[in-house]
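Q: Quick one: this structure, given as structure tokens, is what I'll be asking you about.
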Amino acid sequence: MQSPEKIFRLDGKVAFISGAARGLGAHVARTLAAAGASVFLTDVLSAEVEQAAKSIRDAGGKAAAMVHDVTQEAQWEAAMAQVVSQFGGLDVLVNNAGVEDMAFFAEGSLESFKRIQDINVNGTFLGLKHAIRVMRPDGASGRGGAIVNLSSLAAMIGVTGLGAYCASKGAVRSLTKSAAIECAQLGYGIRVNSIHPGVIKTAMGNHLLEGFVRLGMVPDVATAEGAMLQLHPLGLGTPNDVANAVLYLASPASRWTTGAEIVLDGGANAQ
């Protein structure tokens with residue numbers, strides 16, 4: 001039996017995190033690096049993602065960065081080739097890149113709806129496709145691995161003004177389960193799981209609160225935050241809460257976990 005100190009370690013492992021320039025993605029990258037993984041950060045924000053990787057190296061970790069648009073398949077192919085070339089393989093993919101926008105159904109634009117699906121759903125699909133190709137036995141890495149998809153509490157409940165986002169994260173939830181059973185039945189040695197956070201204290205979380213104000217649902221951000229605190233009995237979450245769940249799903253501690261959804265919402269979904 002592995003000791004508790006070692007079962008969450010990622011020494012010798014290679015982790016790829018999309019949308020890692022800031023917020024949750026950057027925090028996840030730091031957490032996995034602290035657990036011993038070599039981390040490969042990607043984002044469309046070139047200067048920010050390079051700085052995020054540099055901060056990990058400055059702290060003694062192993063990290064590299066690459067500019068990467070998750071909606072472009074050729075860029076997924078290039079990023080996967082780069083991580084294998086630079087670090088010698090791939091063991092963990094964290095499909096973190098995502099966006100949200102708020103609008104009532106009657107006023108929402110088709111262009112915005114499509115953009116959210118393109119990044120959140122198509123980006124996750126492409127990550128799954130190309131990570132599986134690299135991780136499966138005949139792939140460039142060929143040693144199996146773990147894929148963690150960032151979904152949302154919004155995949156499980158309806159949220160006024162967030163219809164497009166709810167649709168996208170519901171799709172991520174279903175993609176996760178399909179990929180998990182497929183990889184298991186085909187003997188790829190790849191586990192696929194999803195994480196479903198409620199409101200997290202990040203710039204994206206603040207943007208959500210501001211969106212409620214913009215739509216006229218509440219008079220100010222303080223009122224919006226108060227409503228969210230009522231929804232989450234344990235209070236709002238932090239990036240560390242999400243990063244710890246990612247670490248669990250990436251580590252040997254979760255070796256028998258696939259197709260699962262970890263809900264991190266301070267009790268919101270239990271009401």
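To be explicit about the labels: the chains of the structure tokens are called A, B, and onward in the order shown, and within each one the residues are counted from 1, while ligands get numbers from 1 in the order they are shown.
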I'd like the neighbourhood of region 2-19 of chain A as a list in words, where a residue qualifies if any of its atoms comes within 7 Å (using only C-alpha atoms), though same-chain residues fewer than 2 positions away should be ignored.

A: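 Residues meeting the cut-off are Ala21, Gly25, Ala29, Ala35, Gly36, Ala37, Ser38, Val39, Phe40, Leu41, Thr42, Asp43, Phe87, Gly89, Leu90, Asp91, Val92, Leu93, Val94, Asn95, Asn96, Ala97, Tyr248, Ser251, Pro252 and Ala253 of chain A.
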
Q: What's the 10 Å shell around Glu77 (chain A), counting only C-alpha atoms, without same-chain residues fewer than 5 positions away, as a PyMOL selection string?

A: chain A and resi 72+82+126-127+129-131+134

Q: Between A:Ala140, A:Ala171, A:Val99, A:Met228, which is the closest to Val159 (chain A) once you count only C-alpha atoms?

A: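 Counting only C-alpha atoms, the residue closest to Val159 (chain A) is A:Met228.
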
Q: Compare A:Leu208, A:Ile200, A:Val67, A:Ala33 by their minimum atom-to-atom distance to Val49 (chain A), counting only C-alpha atoms, and give me the closest one.

A: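 Nearest candidate to Val49 (chain A) out of A:Leu208, A:Ile200, A:Val67, A:Ala33: A:Val67.
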
Q: I'd like the neighbourhood of Ala250 (chain A) as a list in words, where a residue qualifies if any of its atoms comes within 7 Å (using only C-alpha atoms), though same-chain residues fewer than 3 positions away should be ignored.

A: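 That gives Val92, Ala146, Val246 and Leu247 of chain A.
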
Q: How far is it from CA of Gly139 (chain A) to CA of Tyr188 (chain A), in Å with one decimal?

A: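 Taking CA of Gly139 (chain A) as the start and CA of Tyr188 (chain A) as the end point, the length is 10.0 Å.
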
Q: Env of His196 (chain A): 8 Å cut, atoms = only C-alpha atoms, seq-sep filter 2 positions within chain, self excluded. Answer as number ranges by chain.

A: A: 150-155, 194, 198, 261-265
